[in-house]
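Trainee: Here you go, one structure.
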Amino acid sequence: MKSGLILEGGAMRGLFTCGVLDVLMENGIRFDGGAGISAGAVFGCNYKSRQIGRAVRYNKRYCRDPRYCSIRSLLKTGDLYGADFCYRELPEVLDPFDRAAFAADPMEFYIGATDADTGEIRYHKCGDGGERDMLWMRGSASLPMVSRAVEVDGFRLLDGGMTDPVPYRFMERAGYDRNLYVLTQPRGYRKGKTRGLALMGLALRRTPKMAAVLAARPAVYNRQMDEIDEKERRGEILALRPPEALGISRTEHDPEELERVYQIGRAEAEKALPAIRAFLARP
């Protein structure tokens with residue numbers, strides 16, 4: 001049997017995931033593999049590099065920096081989250097990502113992103129945490145209309161959460177059969193119908209498949225949540241969720257809010273530690 005860690009995205013709701021992952025690392029809980037979507041990939045990579053506290057640290061430090069996330073960045077570069085700052089300067093200079101530790105760790109780590117030209121999900125198995133892996137992380141977290149598509153491996157990539165919000169089917173197909181899910185919405189949450197589809201279609205005229213992806217997104221997400229709830233009822237998986245809606249902006253600029261959501265993740269993980277250990281040890 002292979003144990004898997006499955007990480008939903010959700011922009012700054014991902015600080016909940018950061019709190020969960022730090023507690024897992026502090027308590028020596030490891031997995032054979034993991035898969036992350038969007039913020040789940042960008043923040044989750046620190047679990048493989050074993051950098052406790054890094055994700056919450058740099059988010060709090062730079063959340064008010066216009067190079068990190070701002071309308072100014074969008075107008076100047078075409079990306080709401082500045083690509084050069086977030087995926088080069090920050091991990092290489094300001095708060096280094098430990099690529100050597102990432103490469104040496106035996107855990108397999110996969111990133112899911114949406115192919116902007118076909119509307120299909122694509123997965124990438126990370127290697128050394130270098131430029132190619134960073135491009136896949138950036139693609140996975142690149143929101144349509146406020147980000148440029150990321151070109152790598154012959155694909156143009158956008159937010160993976162549009163097509164595969166929680167990558168459990170991919171992990172099951174890859175042979176991971178004992179999986180811990182880290183979700184960023186509370187139990188019972190379902191998405192409503194997407195508004196403004198006509199305007200989105202105009203904005204996405206260069207990637208028309210993405211308009212259809214956005215229209216289908218609520219149904220895709222809600223079907224996944226139904227399936228996850230059923231898997232949980234049958235005892236096949238273990239899922240950690242916030243106890244209630246986190247109430248944080250997707251582009252939160254308040255360090256105290258980021259810390260608040262991070263601490264909720266820590267509290268839920270600490271409370272669940274006995275259940276996690278028992279689940280992973282189950283014959």
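A note on labels: chains of the structure tokens are A, B, ... as shown, every chain counts residues from 1, and ligands are counted from 1 in their shown order.
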Per DSSP on the backbone, filter range 149-187 of chain A down to the residues in helix (DSSP H, G or I) and report them as an NGL selection string.
Mentor: :A and (160-162 or 168-173)
Trainee: Output all heavy atoms for every residue in that selection, as a compact mmCIF listing (two decimals), in the first residue's frame.
Mentor:
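Listing of part-v1.txt after writing:
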```
# COMPACT_ATOMS: atom_id res chain seq x y z
N GLY A 160 -4.80 24.76 -12.26
CA GLY A 160 -5.26 23.38 -12.24
C GLY A 160 -6.58 23.19 -11.53
O GLY A 160 -7.31 22.23 -11.78
N GLY A 161 -6.91 24.13 -10.61
CA GLY A 161 -8.16 24.01 -9.88
C GLY A 161 -9.39 24.18 -10.74
O GLY A 161 -10.51 23.83 -10.32
N MET A 162 -9.22 24.69 -11.96
CA MET A 162 -10.35 24.84 -12.86
C MET A 162 -10.88 23.48 -13.34
O MET A 162 -12.07 23.32 -13.60
CB MET A 162 -9.94 25.66 -14.09
CG MET A 162 -9.47 27.07 -13.82
SD MET A 162 -10.79 28.16 -13.23
CE MET A 162 -10.31 28.33 -11.51
N TYR A 168 -7.50 13.63 -6.37
CA TYR A 168 -7.52 12.29 -5.78
C TYR A 168 -7.61 11.19 -6.83
O TYR A 168 -7.03 10.11 -6.64
CB TYR A 168 -8.66 12.16 -4.76
CG TYR A 168 -10.05 12.37 -5.30
CD1 TYR A 168 -10.82 11.30 -5.75
CD2 TYR A 168 -10.62 13.64 -5.34
CE1 TYR A 168 -12.10 11.49 -6.22
CE2 TYR A 168 -11.90 13.84 -5.81
CZ TYR A 168 -12.64 12.77 -6.26
OH TYR A 168 -13.91 12.97 -6.74
N ARG A 169 -8.32 11.43 -7.92
CA ARG A 169 -8.40 10.38 -8.95
C ARG A 169 -7.04 10.11 -9.56
O ARG A 169 -6.68 8.95 -9.81
CB ARG A 169 -9.40 10.80 -10.02
CG ARG A 169 -10.85 10.83 -9.54
CD ARG A 169 -11.76 11.35 -10.62
NE ARG A 169 -13.14 11.45 -10.16
CZ ARG A 169 -14.09 12.08 -10.83
NH1 ARG A 169 -13.82 12.65 -11.99
NH2 ARG A 169 -15.33 12.13 -10.35
N PHE A 170 -6.27 11.17 -9.80
CA PHE A 170 -4.92 10.99 -10.33
C PHE A 170 -4.09 10.14 -9.37
O PHE A 170 -3.39 9.21 -9.79
CB PHE A 170 -4.25 12.35 -10.54
CG PHE A 170 -2.78 12.24 -10.83
CD1 PHE A 170 -2.33 11.94 -12.11
CD2 PHE A 170 -1.85 12.41 -9.82
CE1 PHE A 170 -0.98 11.81 -12.38
CE2 PHE A 170 -0.49 12.28 -10.08
CZ PHE A 170 -0.06 11.98 -11.35
N MET A 171 -4.17 10.44 -8.09
CA MET A 171 -3.37 9.71 -7.11
C MET A 171 -3.81 8.25 -7.01
O MET A 171 -2.98 7.34 -6.89
CB MET A 171 -3.45 10.39 -5.75
CG MET A 171 -2.69 11.71 -5.69
SD MET A 171 -0.90 11.50 -5.81
CE MET A 171 -0.51 11.00 -4.13
N GLU A 172 -5.10 8.01 -7.09
CA GLU A 172 -5.59 6.63 -7.05
C GLU A 172 -5.09 5.85 -8.26
O GLU A 172 -4.66 4.69 -8.14
CB GLU A 172 -7.11 6.63 -6.98
CG GLU A 172 -7.66 7.10 -5.64
CD GLU A 172 -9.16 7.30 -5.65
OE1 GLU A 172 -9.79 7.17 -6.72
OE2 GLU A 172 -9.72 7.59 -4.57
N ARG A 173 -5.13 6.49 -9.43
CA ARG A 173 -4.64 5.81 -10.64
C ARG A 173 -3.14 5.53 -10.54
O ARG A 173 -2.64 4.56 -11.13
CB ARG A 173 -4.94 6.66 -11.87
CG ARG A 173 -6.41 6.69 -12.27
CD ARG A 173 -6.59 7.25 -13.67
NE ARG A 173 -6.14 8.62 -13.78
CZ ARG A 173 -6.89 9.68 -13.59
NH1 ARG A 173 -8.17 9.54 -13.26
NH2 ARG A 173 -6.40 10.91 -13.73
```
Trainee: Find the residues near Gly188 in chain A: any atom within 9 Å, counting only C-alpha atoms, skip ones fewer than 4 places away on the same chain, and give them as an mmCIF file with C-alpha atoms, in the first residue's frame.
Mentor:
```cif
data_model
loop_
_atom_site.group_PDB
_atom_site.id
_atom_site.type_symbol
_atom_site.label_atom_id
_atom_site.label_comp_id
_atom_site.auth_asym_id
_atom_site.auth_seq_id
_atom_site.Cartn_x
_atom_site.Cartn_y
_atom_site.Cartn_z
ATOM 1 C CA MET A 225 -17.094 16.965 -2.969
ATOM 2 C CA ASP A 226 -19.948 14.439 -3.147
ATOM 3 C CA ASP A 229 -17.883 12.769 1.327
#
```
Trainee: Using only C-alpha atoms, which residue out of A:Ile6, A:Ile264, A:Ala149, A:Ala275 lies closest to Asp115 in chain A?
Mentor: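 Looking only at the distances to Asp115 in chain A, the closest residue turns out to be A:Ala149.
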Trainee: Go through A:Ser49, A:Thr17, A:Ser249, A:Thr207 and flag the residue nearest Pro106 in chain A, using only C-alpha atoms for the distances.
Mentor: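 Smallest separation from Pro106 in chain A among the options: A:Ser49.
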Trainee: Find the residues around Arg260 in chain A up to 12 Å (only C-alpha atoms counted), leave out those fewer than 3 positions away in its own chain, and share them as a list of chain:residue names.
Mentor: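 Contacts, in chain order: A:Met12, A:Arg13, A:Gly14, A:Leu15, A:Phe16, A:Cys18, A:Gly19, A:Val56, A:Lys60, A:Pro242, A:Leu246, A:Gly247, A:Ile248, A:Glu252, A:Asp254, A:Pro255, A:Glu256, A:Glu257, A:Gln263, A:Ile264, A:Gly265, A:Arg266, A:Ala267.
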Trainee: Could you check the closest approach to Met107 in chain A for each of A:Ser3, A:Thr184, A:Thr163, A:Asn222 and tell me which residue wins, using only C-alpha atoms?
Mentor: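 Of the candidates, the smallest distance to Met107 in chain A is held by A:Ser3.
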Trainee: Would you kindly return, as a list in words, each protein, DNA or RNA residue with an atom no farther than 8 Å from any atom of Phe109 in chain A, considering only C-alpha atoms and excluding same-chain residues fewer than 4 positions away?
Mentor: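 Within the cut-off, the hits are Gly33, Gly34, Ala35, Gly36, Cys45, Lys48, Lys125 and Cys126 of chain A.
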Trainee: Could you state the separation of CA of Ala101 in chain A and CA of Arg50 in chain A in Å, given to one decimal place?
Mentor: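 The value is 7.3 Å.
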Trainee: Tell me, counting only C-alpha atoms, for each residue of range 93-137 of chain A within 12 Å of range 69-89 of chain A, which pair of atoms is nearest and how far apart they are in Å to one decimal, in rows ordered by chain and increasing number, as CSV.
Mentor:
```
residue,atom,partner,partner_atom,distance
A:Val93,CA,A:Glu89,CA,5.3
A:Leu94,CA,A:Glu89,CA,6.3
A:Asp95,CA,A:Glu89,CA,8.5
A:Pro96,CA,A:Glu89,CA,8.8
A:Phe97,CA,A:Arg88,CA,10.0
A:Gly129,CA,A:Tyr87,CA,11.2
A:Gly130,CA,A:Arg88,CA,10.1
A:Glu131,CA,A:Arg88,CA,8.7
A:Arg132,CA,A:Tyr87,CA,11.0
A:Asp133,CA,A:Tyr87,CA,10.2
A:Met134,CA,A:Tyr87,CA,6.5
A:Leu135,CA,A:Tyr87,CA,8.0
A:Trp136,CA,A:Tyr87,CA,10.5
A:Met137,CA,A:Tyr87,CA,8.7
```
Trainee: Among range 24-169 of chain A, which residues carry a DSSP assignment of strand (DSSP E), reported as number ranges by chain?
Mentor: A: 33-37, 108-115, 121-125, 150-152, 155-158
Trainee: Go ahead and dump the residues you just picked, N, CA, C and O atoms, as a compact mmCIF listing (two decimals), in the first residue's frame.
Mentor:
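Dumped to result-v1.txt:
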```txt
# COMPACT_ATOMS: atom_id res chain seq x y z
N GLY A 33 3.87 9.73 -1.43
CA GLY A 33 3.72 10.67 -2.53
C GLY A 33 2.70 11.73 -2.20
O GLY A 33 1.94 11.62 -1.23
N GLY A 34 2.68 12.77 -3.01
CA GLY A 34 1.72 13.84 -2.82
C GLY A 34 1.39 14.49 -4.14
O GLY A 34 2.16 14.42 -5.11
N ALA A 35 0.22 15.13 -4.20
CA ALA A 35 -0.18 15.88 -5.39
C ALA A 35 -0.83 17.17 -4.93
O ALA A 35 -1.67 17.17 -4.02
N GLY A 36 -0.46 18.27 -5.58
CA GLY A 36 -1.00 19.57 -5.23
C GLY A 36 -1.54 20.29 -6.44
O GLY A 36 -1.02 20.15 -7.55
N ILE A 37 -2.57 21.06 -6.21
CA ILE A 37 -3.18 21.90 -7.23
C ILE A 37 -3.07 23.35 -6.80
O ILE A 37 -3.40 23.68 -5.66
N GLU A 108 7.46 11.26 -3.84
CA GLU A 108 7.10 11.74 -5.17
C GLU A 108 6.11 12.89 -5.03
O GLU A 108 5.20 12.84 -4.19
N PHE A 109 6.29 13.94 -5.84
CA PHE A 109 5.40 15.09 -5.74
C PHE A 109 4.94 15.49 -7.14
O PHE A 109 5.76 15.70 -8.03
N TYR A 110 3.61 15.57 -7.30
CA TYR A 110 3.01 15.85 -8.61
C TYR A 110 2.26 17.19 -8.56
O TYR A 110 1.68 17.56 -7.54
N ILE A 111 2.27 17.85 -9.70
CA ILE A 111 1.58 19.13 -9.85
C ILE A 111 0.57 19.01 -10.98
O ILE A 111 0.90 18.51 -12.06
N GLY A 112 -0.66 19.48 -10.74
CA GLY A 112 -1.68 19.47 -11.78
C GLY A 112 -1.95 20.87 -12.28
O GLY A 112 -2.07 21.82 -11.50
N ALA A 113 -2.03 21.02 -13.60
CA ALA A 113 -2.33 22.31 -14.22
C ALA A 113 -3.24 22.07 -15.42
O ALA A 113 -3.27 20.99 -16.00
N THR A 114 -3.99 23.10 -15.80
CA THR A 114 -4.92 22.99 -16.92
C THR A 114 -4.25 23.39 -18.22
O THR A 114 -3.62 24.45 -18.30
N ASP A 115 -4.39 22.55 -19.23
CA ASP A 115 -3.92 22.85 -20.58
C ASP A 115 -4.87 23.90 -21.16
O ASP A 115 -6.04 23.61 -21.44
N ILE A 121 -6.77 18.51 -17.85
CA ILE A 121 -5.78 18.54 -16.78
C ILE A 121 -4.51 17.83 -17.24
O ILE A 121 -4.57 16.82 -17.95
N ARG A 122 -3.36 18.38 -16.86
CA ARG A 122 -2.07 17.75 -17.13
C ARG A 122 -1.33 17.62 -15.80
O ARG A 122 -1.41 18.50 -14.94
N TYR A 123 -0.58 16.53 -15.66
CA TYR A 123 0.18 16.33 -14.43
C TYR A 123 1.67 16.20 -14.73
O TYR A 123 2.07 15.68 -15.76
N HIS A 124 2.44 16.70 -13.80
CA HIS A 124 3.90 16.70 -13.90
C HIS A 124 4.49 16.14 -12.63
O HIS A 124 4.13 16.56 -11.52
N LYS A 125 5.40 15.17 -12.77
CA LYS A 125 6.14 14.66 -11.62
C LYS A 125 7.39 15.51 -11.42
O LYS A 125 8.23 15.63 -12.32
N VAL A 150 1.33 29.84 -18.88
CA VAL A 150 2.74 29.50 -18.69
C VAL A 150 3.14 28.43 -19.69
O VAL A 150 2.51 27.36 -19.74
N GLU A 151 4.16 28.68 -20.47
CA GLU A 151 4.60 27.73 -21.49
C GLU A 151 5.72 26.85 -20.94
O GLU A 151 6.77 27.33 -20.53
N VAL A 152 5.45 25.53 -20.94
CA VAL A 152 6.44 24.55 -20.48
C VAL A 152 6.07 23.18 -21.05
O VAL A 152 4.88 22.84 -21.14
N PHE A 155 3.18 22.76 -23.50
CA PHE A 155 1.84 23.13 -23.09
C PHE A 155 1.78 24.61 -22.73
O PHE A 155 2.80 25.23 -22.40
N ARG A 156 0.57 25.17 -22.77
CA ARG A 156 0.29 26.49 -22.18
C ARG A 156 -0.63 26.22 -21.00
O ARG A 156 -1.76 25.77 -21.17
N LEU A 157 -0.15 26.52 -19.80
CA LEU A 157 -0.82 26.07 -18.59
C LEU A 157 -1.47 27.22 -17.82
O LEU A 157 -0.94 28.33 -17.73
N LEU A 158 -2.63 26.89 -17.23
CA LEU A 158 -3.33 27.78 -16.31
C LEU A 158 -3.79 26.97 -15.09
O LEU A 158 -3.52 25.78 -14.99
```
